[in-house]
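Colleague: If you scroll down you'll find the structure; I have some questions about it.
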2 protein chains.
Amino acid sequence: MDKDKSIKEVEGTLSRGSNFKIESKDFNKCVDHIIQLVKDSFMLFQMKSFSTSLFLSIAVIEEVGKIHVGLFTTRKNEVKKDPLRDHKRKQIMGSNYTISMGERLVNAIGMKRLEEIYSMSYSGQLKDLREKAIYCDYEDGSLMIPHECIDKQFSKDILLFAIESFDDNLVGYTKYSIERSKITDEIFESLLID
Amino acid sequence: MDKDKSIKEVEGTLSRGSNFKIESKDFNKCVDHIIQLVKDSFMLFQMKSFSTSLFLSIAVIEEVGKIHVGLFTTRKNEVKKDPLRDHKRKQIMGSNYTISMGERLVNAIGMKRLEEIYSMSYSGQLKDLREKAIYCDYEDGSLMIPHECIDKQFSKDILLFAIESFDDNLVGYTKYSIERSKITDEIFESLLID
């Protein structure tokens, strides 16, 4: 795992500025937004719609990266190819090294899987998977249908990773975020016994 | 409403060919894929997650347009800016005039709303709304959060429109599609009394 990949992406993004600059008064609304996406993903997971759930978990990772950097960026009205508008770059920023330091996630999915997810995020495979999780397409002459190519275990592991990304990057900035994270903690626990 | 807008988009797309050419043996899998997305959208609607539901309903309209044209296109390995890979163009193709001829939809949402949806699809507003339905962003200095800017009625109307688009464009090509469309018919009926 490249321990510096995510932080370098964050540094590069911060040095450019963005028009997505979060005002501190808006932070708690962002927390609610993330929690809604996590709840949606979990609900679909419970209904065995693993591919659509995966799509939303990837959106959570992106939004966490975007919101986290958006808190610290400098406002700039126009930024060409703003990394905060780029799926792959947002995923890299939301897949920071410190996520792997949380014992909870390592215990839940194992270090091998964790490294696999980092590698997918950093290489752009996660970005490709995002498309495959919601749209059908041909691959080497075969039709690939989302709900046929994403399995339960992978869908669950990405959702656990996304929750940990939220917890690691955003929970703690406000009292409200700590209170509300009880919801995502409960979802994390439910996934473990699913 | 521009009655020819969608068919012209279809004609232009067919004349270019695409690498998304559907083999007839794969059609029923596409039907299952669409039904899964409709079910996901409906489930989230029932759980009052109207914005994520809207996002998935828009994906249904896109996939219907893509699959319908994919059935009739000529296979071509490389097509620059393939309309079957373009959100706005797929939405236009999935928003064809004949949808408005179905009495069921007109009775459900009214002609005024129907024209509004066509206009949003053709102008690109629906494509913008797709983003807003899942990602937070600033607009005129205010933070817009998906679940705060999409209301129940609009979410419901787009899902009804998406189901009718599926019914109008894809149901009937196989016996299987007719049988399976009972599921989407039931969802349509449930939405009417929600």
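By order in the structure tokens, chains are A, B, ...; within a chain, residues start at 1; ligands start at 1, following the order shown.
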Among stretch 22-58 of chain B, which residues does DSSP mark as alpha helix (DSSP H) when it is run on the backbone? Keep the chain and numbering as in the structure and answer as JSON, numbers by chain.
Modeller: {"B": [27, 28, 29, 30, 31, 32, 33, 34, 35, 36, 37, 38, 39, 40, 41, 42, 43, 44, 45, 46, 50, 51, 52, 53, 54, 55, 56, 57, 58]}
Colleague: Any idea what's packed within 7 Å of stretch 163-176 of chain B, counting only C-alpha atoms, ignoring anything in its chain fewer than 5 positions away? Could you give it as a list in words?
Modeller: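 Once the nearby chain positions are removed, what remains is Asn28, Ile61, Val64, His68, Gly94, Ser95, Ile99, Leu105, Ser181 and Thr184 of chain B.
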Colleague: Keeping only N, CA and C atoms, write the selected residues to a file as a PDB file, in the first residue's frame.
Modeller:
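Result file is result12.pdb:
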```pdb
ATOM      1  N   ASN B  28     -33.188 -10.316 -22.302  1.00  0.00           N
ATOM      2  CA  ASN B  28     -33.915 -10.563 -21.046  1.00  0.00           C
ATOM      3  C   ASN B  28     -33.101 -10.199 -19.805  1.00  0.00           C
ATOM      4  N   ILE B  61     -34.147   5.741 -16.863  1.00  0.00           N
ATOM      5  CA  ILE B  61     -34.447   6.400 -18.147  1.00  0.00           C
ATOM      6  C   ILE B  61     -33.245   6.267 -19.089  1.00  0.00           C
ATOM      7  N   VAL B  64     -32.859   2.583 -20.271  1.00  0.00           N
ATOM      8  CA  VAL B  64     -33.902   2.234 -21.243  1.00  0.00           C
ATOM      9  C   VAL B  64     -33.515   2.780 -22.618  1.00  0.00           C
ATOM     10  N   HIS B  68     -32.589   0.227 -25.628  1.00  0.00           N
ATOM     11  CA  HIS B  68     -33.479   0.254 -26.784  1.00  0.00           C
ATOM     12  C   HIS B  68     -32.686   0.507 -28.065  1.00  0.00           C
ATOM     13  N   GLY B  94     -34.365   8.099 -23.952  1.00  0.00           N
ATOM     14  CA  GLY B  94     -35.315   7.401 -23.070  1.00  0.00           C
ATOM     15  C   GLY B  94     -36.548   8.234 -22.761  1.00  0.00           C
ATOM     16  N   SER B  95     -36.592   9.452 -23.298  1.00  0.00           N
ATOM     17  CA  SER B  95     -37.743  10.341 -23.065  1.00  0.00           C
ATOM     18  C   SER B  95     -38.437  10.594 -24.402  1.00  0.00           C
ATOM     19  N   ILE B  99     -44.141   7.986 -25.041  1.00  0.00           N
ATOM     20  CA  ILE B  99     -44.429   7.787 -23.607  1.00  0.00           C
ATOM     21  C   ILE B  99     -45.662   8.594 -23.189  1.00  0.00           C
ATOM     22  N   LEU B 105     -49.907   7.142 -17.621  1.00  0.00           N
ATOM     23  CA  LEU B 105     -48.968   8.145 -17.097  1.00  0.00           C
ATOM     24  C   LEU B 105     -49.603   9.539 -17.047  1.00  0.00           C
ATOM     25  N   SER B 181     -42.830  -7.478 -16.423  1.00  0.00           N
ATOM     26  CA  SER B 181     -43.304  -6.100 -16.255  1.00  0.00           C
ATOM     27  C   SER B 181     -44.464  -6.011 -15.262  1.00  0.00           C
ATOM     28  N   THR B 184     -43.144  -4.078 -12.368  1.00  0.00           N
ATOM     29  CA  THR B 184     -43.104  -2.616 -12.486  1.00  0.00           C
ATOM     30  C   THR B 184     -44.532  -2.038 -12.535  1.00  0.00           C
TER      31      THR B 184
END
```
Colleague: Can you check which parts of stretch 56-138 of chain B lie within 7 Å of stretch 8-13 of chain B? Per residue, the shortest pair of atoms and distance in Å to one decimal, counting only C-alpha atoms, sorted by chain and number, as a tab-separated table.
Modeller:
```
residue	atom	partner	partner_atom	distance
B:Val69	CA	B:Val10	CA	6.8
B:Pro83	CA	B:Thr13	CA	6.2
B:Met93	CA	B:Val10	CA	6.0
```
Colleague: Determine which residues of chain A sit within 8 Å of chain B, taking into account only C-alpha atoms, and present them as JSON, numbers by chain.
Modeller: {"A": [20, 26, 29, 30, 33, 36, 37, 40, 44, 49, 52, 59, 63, 134, 135, 136, 137, 138, 143, 145, 146, 147]}
Colleague: Please measure the separation of atom CA of B:Asp185 and atom CA of B:Glu115, giving the value in Å to one decimal.
Modeller: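 Here the two named atoms are 22.2 Å from each other.
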Colleague: Just give me the gap between atom CA of A:Ser57 and atom CA of A:Phe161 in Å, one decimal is fine.
Modeller: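 We find that atom CA of A:Ser57 and atom CA of A:Phe161 lie 8.5 Å from each other.
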Colleague: Which residues are close to stretch 150-154 of chain A, i.e. within 12 Å by only C-alpha atoms, leaving aside same-chain residues fewer than 6 positions away? Reply as a compact mmCIF listing (two decimals) with all heavy atoms, in the first residue's frame.
Modeller:
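Listed below is the output, around_17.txt:
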```txt
# COMPACT_ATOMS: atom_id res chain seq x y z
N PHE A 42 -26.89 0.84 2.99
CA PHE A 42 -27.16 -0.28 3.90
C PHE A 42 -28.53 -0.89 3.63
O PHE A 42 -28.71 -2.10 3.63
CB PHE A 42 -27.07 0.22 5.35
CG PHE A 42 -27.34 -0.85 6.38
CD1 PHE A 42 -26.61 -2.03 6.39
CD2 PHE A 42 -28.34 -0.69 7.33
CE1 PHE A 42 -26.86 -3.03 7.34
CE2 PHE A 42 -28.59 -1.68 8.28
CZ PHE A 42 -27.86 -2.85 8.28
N LEU A 44 -30.18 -0.96 0.83
CA LEU A 44 -30.12 -1.75 -0.40
C LEU A 44 -29.34 -3.05 -0.18
O LEU A 44 -29.69 -4.10 -0.72
CB LEU A 44 -29.49 -0.93 -1.53
CG LEU A 44 -30.36 0.24 -2.00
CD1 LEU A 44 -29.57 1.15 -2.93
CD2 LEU A 44 -31.61 -0.27 -2.73
N PHE A 45 -28.30 -2.97 0.65
CA PHE A 45 -27.54 -4.18 0.98
C PHE A 45 -28.46 -5.20 1.66
O PHE A 45 -28.46 -6.37 1.32
CB PHE A 45 -26.37 -3.82 1.91
CG PHE A 45 -25.55 -5.01 2.32
CD1 PHE A 45 -24.52 -5.47 1.50
CD2 PHE A 45 -25.83 -5.71 3.49
CE1 PHE A 45 -23.78 -6.60 1.86
CE2 PHE A 45 -25.10 -6.83 3.86
CZ PHE A 45 -24.07 -7.28 3.04
N GLN A 46 -29.24 -4.72 2.60
CA GLN A 46 -30.16 -5.62 3.31
C GLN A 46 -31.18 -6.25 2.36
O GLN A 46 -31.62 -7.37 2.57
CB GLN A 46 -30.91 -4.86 4.40
CG GLN A 46 -30.06 -4.56 5.62
CD GLN A 46 -30.86 -3.81 6.65
OE1 GLN A 46 -31.38 -2.71 6.39
NE2 GLN A 46 -30.97 -4.36 7.83
N MET A 47 -31.53 -5.51 1.31
CA MET A 47 -32.50 -6.02 0.34
C MET A 47 -31.80 -6.81 -0.76
O MET A 47 -32.38 -7.10 -1.80
CB MET A 47 -33.30 -4.86 -0.27
CG MET A 47 -34.07 -4.02 0.73
SD MET A 47 -35.18 -5.01 1.78
CE MET A 47 -36.47 -5.41 0.58
N LYS A 48 -30.55 -7.12 -0.55
CA LYS A 48 -29.72 -7.94 -1.46
C LYS A 48 -29.46 -7.27 -2.81
O LYS A 48 -29.19 -7.95 -3.81
CB LYS A 48 -30.34 -9.33 -1.66
CG LYS A 48 -30.47 -10.12 -0.37
CD LYS A 48 -30.90 -11.54 -0.65
CE LYS A 48 -31.33 -12.26 0.61
NZ LYS A 48 -30.37 -12.23 1.71
N SER A 49 -29.59 -5.94 -2.84
CA SER A 49 -29.22 -5.23 -4.07
C SER A 49 -27.77 -4.77 -3.90
O SER A 49 -27.49 -3.59 -3.64
CB SER A 49 -30.17 -4.06 -4.31
OG SER A 49 -29.85 -3.44 -5.55
N PHE A 50 -26.86 -5.72 -4.04
CA PHE A 50 -25.46 -5.47 -3.67
C PHE A 50 -24.74 -4.49 -4.60
O PHE A 50 -23.86 -3.76 -4.18
CB PHE A 50 -24.70 -6.80 -3.59
CG PHE A 50 -25.32 -7.77 -2.63
CD1 PHE A 50 -25.71 -9.04 -3.04
CD2 PHE A 50 -25.56 -7.40 -1.31
CE1 PHE A 50 -26.31 -9.93 -2.15
CE2 PHE A 50 -26.17 -8.28 -0.41
CZ PHE A 50 -26.54 -9.56 -0.84
N SER A 51 -25.11 -4.48 -5.86
CA SER A 51 -24.41 -3.60 -6.80
C SER A 51 -24.80 -2.13 -6.57
O SER A 51 -23.93 -1.26 -6.51
CB SER A 51 -24.67 -4.02 -8.25
OG SER A 51 -26.04 -4.25 -8.46
N THR A 52 -26.09 -1.86 -6.43
CA THR A 52 -26.50 -0.47 -6.20
C THR A 52 -25.98 0.02 -4.85
O THR A 52 -25.57 1.17 -4.70
CB THR A 52 -28.04 -0.31 -6.29
OG1 THR A 52 -28.51 -0.96 -7.47
CG2 THR A 52 -28.44 1.15 -6.38
N SER A 53 -25.96 -0.89 -3.88
CA SER A 53 -25.38 -0.55 -2.57
C SER A 53 -23.91 -0.16 -2.74
O SER A 53 -23.46 0.85 -2.19
CB SER A 53 -25.51 -1.76 -1.64
OG SER A 53 -24.70 -1.60 -0.50
N LEU A 54 -23.19 -0.94 -3.52
CA LEU A 54 -21.77 -0.64 -3.76
C LEU A 54 -21.60 0.74 -4.40
O LEU A 54 -20.73 1.53 -4.00
CB LEU A 54 -21.16 -1.70 -4.69
CG LEU A 54 -19.73 -1.41 -5.14
CD1 LEU A 54 -18.73 -1.60 -4.01
CD2 LEU A 54 -19.34 -2.29 -6.32
N PHE A 55 -22.44 1.04 -5.38
CA PHE A 55 -22.38 2.34 -6.03
C PHE A 55 -22.49 3.47 -5.00
O PHE A 55 -21.72 4.43 -5.02
CB PHE A 55 -23.51 2.47 -7.07
CG PHE A 55 -23.52 3.79 -7.77
CD1 PHE A 55 -22.79 3.99 -8.93
CD2 PHE A 55 -24.25 4.86 -7.26
CE1 PHE A 55 -22.77 5.23 -9.56
CE2 PHE A 55 -24.24 6.10 -7.88
CZ PHE A 55 -23.51 6.28 -9.03
N SER A 57 -21.92 3.26 -1.74
CA SER A 57 -20.77 3.26 -0.81
C SER A 57 -19.59 4.00 -1.44
O SER A 57 -18.86 4.72 -0.75
CB SER A 57 -20.35 1.83 -0.48
OG SER A 57 -21.41 1.14 0.14
N ILE A 58 -19.40 3.81 -2.73
CA ILE A 58 -18.32 4.53 -3.43
C ILE A 58 -18.61 6.04 -3.40
O ILE A 58 -17.71 6.85 -3.20
CB ILE A 58 -18.13 4.00 -4.87
CG1 ILE A 58 -17.67 2.53 -4.83
CG2 ILE A 58 -17.12 4.85 -5.64
CD1 ILE A 58 -17.59 1.84 -6.19
N ALA A 108 -12.62 -6.34 10.91
CA ALA A 108 -13.83 -6.68 10.15
C ALA A 108 -13.52 -7.28 8.78
O ALA A 108 -14.16 -8.25 8.36
CB ALA A 108 -14.70 -5.44 9.99
N ILE A 109 -12.57 -6.70 8.06
CA ILE A 109 -12.37 -7.16 6.68
C ILE A 109 -10.98 -7.75 6.44
O ILE A 109 -10.75 -8.37 5.40
CB ILE A 109 -12.66 -6.04 5.64
CG1 ILE A 109 -11.58 -4.94 5.67
CG2 ILE A 109 -14.02 -5.40 5.88
CD1 ILE A 109 -11.74 -3.91 4.55
N ARG A 113 -7.71 -7.63 2.36
CA ARG A 113 -8.82 -6.97 1.66
C ARG A 113 -8.65 -5.45 1.69
O ARG A 113 -8.92 -4.76 0.71
CB ARG A 113 -10.14 -7.36 2.33
CG ARG A 113 -11.33 -6.64 1.74
CD ARG A 113 -11.65 -7.06 0.32
NE ARG A 113 -12.83 -7.92 0.30
CZ ARG A 113 -13.33 -8.49 -0.78
NH1 ARG A 113 -12.74 -8.30 -1.95
NH2 ARG A 113 -14.38 -9.25 -0.71
N LEU A 114 -8.19 -4.96 2.83
CA LEU A 114 -8.00 -3.51 2.98
C LEU A 114 -6.98 -3.02 1.93
O LEU A 114 -7.21 -2.01 1.24
CB LEU A 114 -7.48 -3.24 4.40
CG LEU A 114 -7.53 -1.83 4.94
CD1 LEU A 114 -8.86 -1.17 4.69
CD2 LEU A 114 -7.26 -1.84 6.45
N GLU A 116 -6.31 -4.42 -0.83
CA GLU A 116 -6.96 -4.58 -2.14
C GLU A 116 -7.81 -3.33 -2.45
O GLU A 116 -7.79 -2.83 -3.56
CB GLU A 116 -7.85 -5.82 -2.04
CG GLU A 116 -8.14 -6.55 -3.33
CD GLU A 116 -9.00 -7.77 -3.01
OE1 GLU A 116 -8.56 -8.65 -2.23
OE2 GLU A 116 -10.13 -7.83 -3.53
N ILE A 117 -8.54 -2.86 -1.44
CA ILE A 117 -9.40 -1.69 -1.66
C ILE A 117 -8.56 -0.43 -1.92
O ILE A 117 -8.86 0.34 -2.84
CB ILE A 117 -10.37 -1.47 -0.46
CG1 ILE A 117 -11.33 -2.67 -0.34
CG2 ILE A 117 -11.14 -0.17 -0.61
CD1 ILE A 117 -12.21 -2.65 0.91
N LEU A 126 -11.57 1.34 -8.87
CA LEU A 126 -12.79 1.62 -8.11
C LEU A 126 -13.71 2.55 -8.92
O LEU A 126 -14.93 2.42 -8.89
CB LEU A 126 -12.45 2.27 -6.76
CG LEU A 126 -13.53 2.19 -5.68
CD1 LEU A 126 -13.81 0.76 -5.28
CD2 LEU A 126 -13.13 2.99 -4.44
N LEU A 129 -15.37 0.45 -11.43
CA LEU A 129 -16.37 -0.39 -10.77
C LEU A 129 -17.64 0.42 -10.46
O LEU A 129 -18.74 -0.13 -10.46
CB LEU A 129 -15.78 -0.93 -9.45
CG LEU A 129 -16.35 -2.25 -8.96
CD1 LEU A 129 -16.15 -3.33 -10.01
CD2 LEU A 129 -15.67 -2.67 -7.67
N ARG A 130 -17.45 1.69 -10.18
CA ARG A 130 -18.56 2.59 -9.91
C ARG A 130 -19.56 2.55 -11.08
O ARG A 130 -20.76 2.45 -10.89
CB ARG A 130 -18.02 4.01 -9.71
CG ARG A 130 -19.04 5.07 -9.49
CD ARG A 130 -18.38 6.44 -9.36
NE ARG A 130 -19.39 7.46 -9.32
CZ ARG A 130 -19.93 8.02 -10.41
NH1 ARG A 130 -19.53 7.65 -11.60
NH2 ARG A 130 -20.87 8.93 -10.28
N GLU A 131 -19.04 2.60 -12.29
CA GLU A 131 -19.88 2.55 -13.49
C GLU A 131 -20.55 1.18 -13.63
O GLU A 131 -21.75 1.07 -13.88
CB GLU A 131 -19.04 2.79 -14.75
CG GLU A 131 -18.44 4.18 -14.87
CD GLU A 131 -19.45 5.23 -15.29
OE1 GLU A 131 -20.26 4.94 -16.17
OE2 GLU A 131 -19.43 6.33 -14.71
N LYS A 132 -19.74 0.15 -13.43
CA LYS A 132 -20.25 -1.23 -13.59
C LYS A 132 -21.30 -1.58 -12.56
O LYS A 132 -22.04 -2.54 -12.74
CB LYS A 132 -19.09 -2.23 -13.48
CG LYS A 132 -18.20 -2.24 -14.70
CD LYS A 132 -17.04 -3.21 -14.52
CE LYS A 132 -15.97 -2.93 -15.56
NZ LYS A 132 -14.67 -3.50 -15.17
N ALA A 133 -21.31 -0.82 -11.45
CA ALA A 133 -22.24 -1.13 -10.38
C ALA A 133 -23.64 -0.62 -10.67
O ALA A 133 -24.60 -0.99 -9.99
CB ALA A 133 -21.74 -0.53 -9.06
N ILE A 134 -23.76 0.20 -11.73
CA ILE A 134 -25.10 0.75 -11.99
C ILE A 134 -25.53 0.65 -13.45
O ILE A 134 -26.72 0.63 -13.75
CB ILE A 134 -25.18 2.21 -11.44
CG1 ILE A 134 -26.62 2.59 -11.17
CG2 ILE A 134 -24.52 3.20 -12.37
CD1 ILE A 134 -26.75 3.69 -10.17
N MET A 144 -22.37 -7.66 -19.21
CA MET A 144 -22.19 -7.63 -17.76
C MET A 144 -23.33 -6.83 -17.15
O MET A 144 -23.52 -5.66 -17.48
CB MET A 144 -20.86 -6.96 -17.39
CG MET A 144 -19.64 -7.56 -18.06
SD MET A 144 -19.38 -9.31 -17.68
CE MET A 144 -18.76 -9.19 -16.01
N LEU A 160 -18.26 -1.09 4.73
CA LEU A 160 -17.53 -0.97 6.00
C LEU A 160 -16.37 0.03 5.85
O LEU A 160 -16.14 0.87 6.72
CB LEU A 160 -16.99 -2.35 6.42
CG LEU A 160 -18.03 -3.36 6.92
CD1 LEU A 160 -17.46 -4.78 6.96
CD2 LEU A 160 -18.57 -2.97 8.29
N PHE A 161 -15.68 -0.07 4.73
CA PHE A 161 -14.57 0.86 4.45
C PHE A 161 -15.10 2.31 4.38
O PHE A 161 -14.49 3.23 4.92
CB PHE A 161 -13.90 0.47 3.13
CG PHE A 161 -12.70 1.30 2.76
CD1 PHE A 161 -11.42 0.93 3.18
CD2 PHE A 161 -12.82 2.45 1.98
CE1 PHE A 161 -10.29 1.69 2.83
CE2 PHE A 161 -11.72 3.21 1.63
CZ PHE A 161 -10.45 2.83 2.05
N LEU A 191 -23.58 -4.94 10.07
CA LEU A 191 -22.95 -5.60 8.90
C LEU A 191 -22.06 -6.76 9.35
O LEU A 191 -21.94 -7.77 8.65
CB LEU A 191 -22.12 -4.58 8.11
CG LEU A 191 -22.91 -3.63 7.23
CD1 LEU A 191 -22.05 -2.45 6.80
CD2 LEU A 191 -23.46 -4.35 6.00
N LEU A 192 -21.45 -6.61 10.52
CA LEU A 192 -20.54 -7.66 11.01
C LEU A 192 -21.26 -8.97 11.25
O LEU A 192 -20.69 -10.04 11.09
CB LEU A 192 -19.85 -7.21 12.29
CG LEU A 192 -18.87 -6.04 12.17
CD1 LEU A 192 -18.18 -5.79 13.50
CD2 LEU A 192 -17.82 -6.31 11.09
N ASP A 194 -24.09 -9.82 9.71
CA ASP A 194 -24.95 -10.19 8.55
C ASP A 194 -24.40 -11.43 7.83
O ASP A 194 -23.23 -11.49 7.54
CB ASP A 194 -25.01 -9.01 7.56
CG ASP A 194 -26.11 -9.25 6.54
OD1 ASP A 194 -25.92 -10.10 5.67
OD2 ASP A 194 -27.16 -8.59 6.65
```
Colleague: Can you list, as a VMD selection string, every protein, DNA or RNA residue that comes within 8 Å of B:Ser121 when you count only C-alpha atoms, leaving out same-chain residues fewer than 3 positions away?
Modeller: chain B and resid 88 91 to 92 95 117 to 118 124 to 127
Colleague: Would you mind exporting all heavy atoms of the selected residues as an mmCIF file, in the first residue's frame?
Modeller:
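Output (result-v6.cif):
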```
data_model
loop_
_atom_site.group_PDB
_atom_site.id
_atom_site.type_symbol
_atom_site.label_atom_id
_atom_site.label_comp_id
_atom_site.auth_asym_id
_atom_site.auth_seq_id
_atom_site.Cartn_x
_atom_site.Cartn_y
_atom_site.Cartn_z
ATOM 1 N N LYS B 88 -26.821 12.953 -21.008
ATOM 2 C CA LYS B 88 -27.913 13.766 -21.553
ATOM 3 C C LYS B 88 -28.551 13.100 -22.777
ATOM 4 O O LYS B 88 -29.776 13.016 -22.895
ATOM 5 C CB LYS B 88 -27.390 15.163 -21.927
ATOM 6 C CG LYS B 88 -28.487 16.070 -22.481
ATOM 7 C CD LYS B 88 -27.965 17.454 -22.833
ATOM 8 C CE LYS B 88 -29.019 18.235 -23.612
ATOM 9 N NZ LYS B 88 -28.494 19.504 -24.141
ATOM 10 N N GLN B 91 -30.661 10.177 -21.847
ATOM 11 C CA GLN B 91 -31.925 10.639 -21.238
ATOM 12 C C GLN B 91 -32.912 11.092 -22.315
ATOM 13 O O GLN B 91 -34.112 10.811 -22.234
ATOM 14 C CB GLN B 91 -31.646 11.786 -20.253
ATOM 15 C CG GLN B 91 -31.008 11.298 -18.946
ATOM 16 C CD GLN B 91 -30.283 12.400 -18.191
ATOM 17 O OE1 GLN B 91 -30.578 13.580 -18.359
ATOM 18 N NE2 GLN B 91 -29.343 12.024 -17.354
ATOM 19 N N ILE B 92 -32.395 11.779 -23.323
ATOM 20 C CA ILE B 92 -33.275 12.231 -24.410
ATOM 21 C C ILE B 92 -33.871 11.023 -25.146
ATOM 22 O O ILE B 92 -35.068 10.966 -25.420
ATOM 23 C CB ILE B 92 -32.508 13.147 -25.394
ATOM 24 C CG1 ILE B 92 -32.110 14.457 -24.703
ATOM 25 C CG2 ILE B 92 -33.349 13.435 -26.650
ATOM 26 C CD1 ILE B 92 -31.195 15.374 -25.531
ATOM 27 N N SER B 95 -36.592 9.452 -23.298
ATOM 28 C CA SER B 95 -37.743 10.341 -23.065
ATOM 29 C C SER B 95 -38.437 10.594 -24.402
ATOM 30 O O SER B 95 -38.578 11.727 -24.852
ATOM 31 C CB SER B 95 -37.291 11.692 -22.478
ATOM 32 O OG SER B 95 -36.518 11.509 -21.326
ATOM 33 N N ILE B 117 -41.153 17.444 -17.566
ATOM 34 C CA ILE B 117 -40.110 16.409 -17.544
ATOM 35 C C ILE B 117 -39.423 16.311 -18.915
ATOM 36 O O ILE B 117 -38.196 16.237 -18.999
ATOM 37 C CB ILE B 117 -40.685 15.038 -17.107
ATOM 38 C CG1 ILE B 117 -41.187 15.122 -15.662
ATOM 39 C CG2 ILE B 117 -39.631 13.930 -17.249
ATOM 40 C CD1 ILE B 117 -41.934 13.887 -15.160
ATOM 41 N N TYR B 118 -40.236 16.340 -19.984
ATOM 42 C CA TYR B 118 -39.636 16.329 -21.332
ATOM 43 C C TYR B 118 -38.680 17.508 -21.487
ATOM 44 O O TYR B 118 -37.562 17.363 -21.966
ATOM 45 C CB TYR B 118 -40.723 16.439 -22.410
ATOM 46 C CG TYR B 118 -41.378 15.121 -22.764
ATOM 47 C CD1 TYR B 118 -42.715 14.887 -22.490
ATOM 48 C CD2 TYR B 118 -40.647 14.110 -23.387
ATOM 49 C CE1 TYR B 118 -43.323 13.690 -22.815
ATOM 50 C CE2 TYR B 118 -41.248 12.897 -23.722
ATOM 51 C CZ TYR B 118 -42.585 12.692 -23.434
ATOM 52 O OH TYR B 118 -43.172 11.506 -23.759
ATOM 53 N N GLY B 124 -31.173 19.374 -20.722
ATOM 54 C CA GLY B 124 -29.986 19.026 -19.939
ATOM 55 C C GLY B 124 -30.171 19.276 -18.446
ATOM 56 O O GLY B 124 -29.297 18.962 -17.642
ATOM 57 N N GLN B 125 -31.330 19.851 -18.076
ATOM 58 C CA GLN B 125 -31.604 20.095 -16.654
ATOM 59 C C GLN B 125 -31.665 18.792 -15.861
ATOM 60 O O GLN B 125 -31.272 18.725 -14.710
ATOM 61 C CB GLN B 125 -32.966 20.784 -16.495
ATOM 62 C CG GLN B 125 -32.934 22.292 -16.472
ATOM 63 C CD GLN B 125 -34.360 22.813 -16.323
ATOM 64 O OE1 GLN B 125 -35.147 22.751 -17.279
ATOM 65 N NE2 GLN B 125 -34.693 23.292 -15.139
ATOM 66 N N LEU B 126 -32.172 17.749 -16.506
ATOM 67 C CA LEU B 126 -32.283 16.454 -15.831
ATOM 68 C C LEU B 126 -30.893 15.890 -15.543
ATOM 69 O O LEU B 126 -30.662 15.267 -14.508
ATOM 70 C CB LEU B 126 -33.071 15.463 -16.707
ATOM 71 C CG LEU B 126 -33.698 14.264 -15.983
ATOM 72 C CD1 LEU B 126 -34.732 14.695 -14.958
ATOM 73 C CD2 LEU B 126 -34.339 13.294 -16.979
ATOM 74 N N LYS B 127 -29.976 16.145 -16.467
ATOM 75 C CA LYS B 127 -28.584 15.689 -16.275
ATOM 76 C C LYS B 127 -27.981 16.416 -15.062
ATOM 77 O O LYS B 127 -27.297 15.800 -14.238
ATOM 78 C CB LYS B 127 -27.779 15.995 -17.537
ATOM 79 C CG LYS B 127 -26.315 15.650 -17.435
ATOM 80 C CD LYS B 127 -25.606 15.949 -18.735
ATOM 81 C CE LYS B 127 -24.104 15.938 -18.550
ATOM 82 N NZ LYS B 127 -23.564 17.201 -18.047
#
```
Colleague: Please indicate the distance in Å from atom CA of A:Ser119 to atom CA of A:Arg89, rounded to one decimal place.
Modeller: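 These two atoms are separated by 13.3 Å.
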Colleague: To test your reading of the structure, identify every residue in stretch 128-171 of chain B that backbone DSSP assigns to strand (DSSP E), and report it as a list in words.
Modeller: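 Everything in stretch 128-171 of chain B that counts as strand (DSSP E) is Asp137, Tyr138, Glu139, Ser142, Leu143 and Met144 of chain B.
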Colleague: Of the residues A:Lys112, A:His87, A:Lys156, A:Arg180, which is the one nearest to A:Asp128, using only C-alpha atoms?
Modeller: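 When distances to A:Asp128 are compared using only C-alpha atoms, the smallest one comes from A:His87.
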